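One file, my_file.pdb, carrying PDB, C-alpha atoms, pLDDT in the B column:
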```pdb
ATOM      1  CA  LYS A 249     100.923  88.806 148.633  1.00 59.00           C
ATOM      2  CA  LYS A 250     100.633  92.418 147.524  1.00 72.00           C
ATOM      3  CA  TYR A 251      97.863  93.530 149.799  1.00 78.00           C
ATOM      4  CA  PHE A 252      97.123  94.273 153.428  1.00 84.00           C
ATOM      5  CA  THR A 253      93.487  93.805 154.351  1.00 89.00           C
ATOM      6  CA  VAL A 254      91.833  95.486 157.326  1.00 92.00           C
ATOM      7  CA  TRP A 255      88.349  94.638 158.528  1.00 93.00           C
ATOM      8  CA  LEU A 256      86.757  97.550 160.366  1.00 94.00           C
ATOM      9  CA  ARG A 257      84.355  95.386 162.338  1.00 94.00           C
ATOM     10  CA  CYS A 258      81.323  96.933 164.007  1.00 94.00           C
ATOM     11  CA  THR A 259      77.861  95.922 165.117  1.00 93.00           C
ATOM     12  CA  LEU A 260      74.764  95.922 162.973  1.00 92.00           C
ATOM     13  CA  GLU A 261      73.507  98.905 164.960  1.00 92.00           C
ATOM     14  CA  THR A 262      76.645 100.926 164.205  1.00 92.00           C
ATOM     15  CA  HIS A 263      76.472 100.084 160.501  1.00 89.00           C
ATOM     16  CA  CYS A 264      72.843 101.156 160.347  1.00 89.00           C
ATOM     17  CA  GLN A 265      73.467 104.334 162.325  1.00 89.00           C
ATOM     18  CA  ARG A 266      76.367 105.387 160.115  1.00 87.00           C
ATOM     19  CA  LEU A 267      74.641 104.592 156.831  1.00 85.00           C
ATOM     20  CA  THR A 268      71.394 106.317 157.715  1.00 86.00           C
ATOM     21  CA  ALA A 269      73.287 109.382 158.991  1.00 88.00           C
ATOM     22  CA  ASP A 270      75.213 109.765 155.725  1.00 88.00           C
ATOM     23  CA  PRO A 271      73.243 111.941 153.269  1.00 89.00           C
ATOM     24  CA  HIS A 272      75.082 110.301 150.345  1.00 88.00           C
ATOM     25  CA  THR A 273      73.972 106.762 151.160  1.00 82.00           C
ATOM     26  CA  PRO A 274      70.878 106.762 148.911  1.00 80.00           C
ATOM     27  CA  THR A 275      72.829 107.896 145.838  1.00 83.00           C
ATOM     28  CA  GLN A 276      76.232 106.284 146.431  1.00 85.00           C
ATOM     29  CA  ARG A 277      75.222 103.032 148.116  1.00 81.00           C
ATOM     30  CA  PRO A 278      72.244 101.612 146.288  1.00 81.00           C
ATOM     31  CA  SER A 279      70.453  98.665 147.816  1.00 82.00           C
ATOM     32  CA  LEU A 280      71.917  95.269 146.973  1.00 80.00           C
ATOM     33  CA  THR A 281      68.819  93.357 148.024  1.00 82.00           C
ATOM     34  CA  GLY A 282      65.883  95.761 147.750  1.00 85.00           C
ATOM     35  CA  ARG A 283      65.222  95.439 151.483  1.00 87.00           C
ATOM     36  CA  ASP A 284      65.227  98.178 154.094  1.00 84.00           C
ATOM     37  CA  VAL A 285      68.560  99.261 155.558  1.00 83.00           C
ATOM     38  CA  VAL A 286      68.508  97.077 158.687  1.00 87.00           C
ATOM     39  CA  GLU A 287      67.405  93.910 156.864  1.00 91.00           C
ATOM     40  CA  GLU A 288      69.897  94.445 154.073  1.00 89.00           C
ATOM     41  CA  ILE A 289      72.881  95.133 156.314  1.00 90.00           C
ATOM     42  CA  SER A 290      71.976  92.156 158.486  1.00 93.00           C
ATOM     43  CA  GLU A 291      71.778  89.840 155.476  1.00 91.00           C
ATOM     44  CA  VAL A 292      74.967  91.136 153.854  1.00 90.00           C
ATOM     45  CA  LEU A 293      76.934  90.967 157.113  1.00 92.00           C
ATOM     46  CA  HIS A 294      75.704  87.446 157.750  1.00 94.00           C
ATOM     47  CA  ARG A 295      76.973  86.325 154.336  1.00 93.00           C
ATOM     48  CA  ARG A 296      80.225  88.295 154.318  1.00 94.00           C
ATOM     49  CA  THR A 297      81.459  88.002 157.910  1.00 95.00           C
ATOM     50  CA  PRO A 298      83.216  84.644 157.343  1.00 96.00           C
ATOM     51  CA  TRP A 299      84.979  86.064 154.267  1.00 95.00           C
ATOM     52  CA  TYR A 300      86.019  89.227 156.062  1.00 94.00           C
ATOM     53  CA  ALA A 301      87.351  87.242 159.020  1.00 93.00           C
ATOM     54  CA  ALA A 302      89.261  84.811 156.812  1.00 93.00           C
ATOM     55  CA  SER A 303      90.881  87.447 154.607  1.00 90.00           C
ATOM     56  CA  ALA A 304      91.751  90.177 157.124  1.00 91.00           C
ATOM     57  CA  HIS A 305      95.343  90.659 158.163  1.00 87.00           C
ATOM     58  CA  LEU A 306      94.048  92.971 160.880  1.00 90.00           C
ATOM     59  CA  ILE A 307      90.639  93.218 162.539  1.00 92.00           C
ATOM     60  CA  VAL A 308      89.792  96.522 164.217  1.00 92.00           C
ATOM     61  CA  ASP A 309      86.709  96.908 166.382  1.00 91.00           C
ATOM     62  CA  ALA A 310      85.439 100.214 165.039  1.00 90.00           C
ATOM     63  CA  ASP A 311      82.357 100.622 167.242  1.00 91.00           C
ATOM     64  CA  THR A 312      83.966 102.562 170.045  1.00 87.00           C
ATOM     65  CA  THR A 313      87.404 103.439 168.702  1.00 87.00           C
ATOM     66  CA  ALA A 314      87.976 107.013 167.556  1.00 88.00           C
ATOM     67  CA  PRO A 315      88.821 107.379 163.837  1.00 87.00           C
ATOM     68  CA  ASP A 316      92.300 108.780 164.585  1.00 93.00           C
ATOM     69  CA  ASP A 317      93.025 105.809 166.842  1.00 92.00           C
ATOM     70  CA  VAL A 318      91.788 103.393 164.181  1.00 91.00           C
ATOM     71  CA  ALA A 319      94.089 105.017 161.608  1.00 93.00           C
ATOM     72  CA  SER A 320      97.074 104.879 163.978  1.00 93.00           C
ATOM     73  CA  TRP A 321      96.398 101.249 164.816  1.00 90.00           C
ATOM     74  CA  ILE A 322      96.199 100.313 161.117  1.00 92.00           C
ATOM     75  CA  LEU A 323      99.360 102.202 160.217  1.00 91.00           C
ATOM     76  CA  ARG A 324     101.308 100.661 163.103  1.00 91.00           C
ATOM     77  CA  HIS A 325     100.290  97.141 162.068  1.00 89.00           C
ATOM     78  CA  TYR A 326     100.892  97.827 158.386  1.00 88.00           C
ATOM     79  CA  LYS A 327     104.448  98.958 159.106  1.00 86.00           C
ATOM     80  CA  ALA A 328     105.082  95.908 161.299  1.00 87.00           C
ATOM     81  CA  GLU A 329     103.660  93.416 158.794  1.00 78.00           C
ATOM     82  CA  THR A 330     106.429  91.599 156.953  1.00 68.00           C
ATOM     83  CA  HIS A 331     104.469  88.885 155.179  1.00 69.00           C
ATOM     84  CA  PHE A 332     103.556  90.763 152.037  1.00 65.00           C
ATOM     85  CA  ASP A 333     105.284  92.438 149.117  1.00 65.00           C
ATOM     86  CA  ARG A 334     105.050  96.247 149.087  1.00 60.00           C
ATOM     87  CA  SER A 335     106.587  96.643 145.642  1.00 67.00           C
ATOM     88  CA  PRO A 336     104.443  98.241 142.933  1.00 63.00           C
ATOM     89  CA  SER A 337     102.583  95.862 140.642  1.00 57.00           C
TER      90      SER A 337
END
```
Let's see the structure in the file written out as structure tokens.
Amino acid sequence: KKYFTVWLRCTLETHCQRLTADPHTPTQRPSLTGRDVVEEISEVLHRRTPWYAASAHLIVDADTTAPDDVASWILRHYKAETHFDRSPS
């Protein structure tokens, strides 16, 4: 393996709040389904959650954790992970 996957898991409400608060969302994150933000995020999360859970080396609950703490947690686990190849491709 040459990758380390982190799932920043959060609730539907947090996803919606963050996406609607970001002024770049309309131009940089076009709709995948044509639905409103809540319906789309709900549908996409429902489909992708099993994939995210199965592929993540680390799952971080990002709802209430401060960004600096999330980054520290990821870095600590990345450094401790020994099951993947860090050599350049």
All residues 7 Å or closer to stretch 280-292 of chain A, all atoms listed in the file, same chain fewer than 4 positions away omitted, as a compact mmCIF listing (two decimals) with C-alpha atoms, in the coordinates of the input:
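Output contents, as saved in part_28.txt:
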```txt
# COMPACT_ATOMS: atom_id res chain seq x y z
CA LEU A 260 74.76 95.92 162.97
CA CYS A 264 72.84 101.16 160.35
CA ARG A 296 80.22 88.30 154.32
```
Could you spell out the hits of the PyMOL selection byres ((chain A and resi 304-308) around 10) on the shown file, as a list in words?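 What the PyMOL selection byres ((chain A and resi 304-308) around 10) grabs from the file is Tyr251, Phe252, Thr253, Val254, Trp255, Leu256, Arg257, Cys258, Trp299, Tyr300, Ala301, Ala302, Ser303, Asp309, Ala310, Asp311, Thr313, Val318, Ala319, Trp321, Ile322, His325, Tyr326, Glu329 and His331 of chain A.
Distance-wise, atom CA of A:Pro315 and atom CA of A:Pro278 end up 24.8 Å apart.
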Could you jot down the atom CA of A:Thr259 to atom CA of A:Thr273 separation for me, Å, one decimal place?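 Atom CA of A:Thr259 sits 18.1 Å away from atom CA of A:Thr273.
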Take atom CA of A:Leu293 and atom CA of A:Glu261 and report the distance between them in Å, one decimal.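 Atom CA of A:Glu261 lies at a distance of 11.7 Å from atom CA of A:Leu293.
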Need the axis-aligned box for stretch 265-282 of chain A with 8 Å each side, so what are the centre and edges in Å to one decimal, as AutoDock Vina command-line options?
```
--center_x 71.1 --center_y 102.6 --center_z 154.1 --size_x 26.5 --size_y 34.6 --size_z 32.5
```
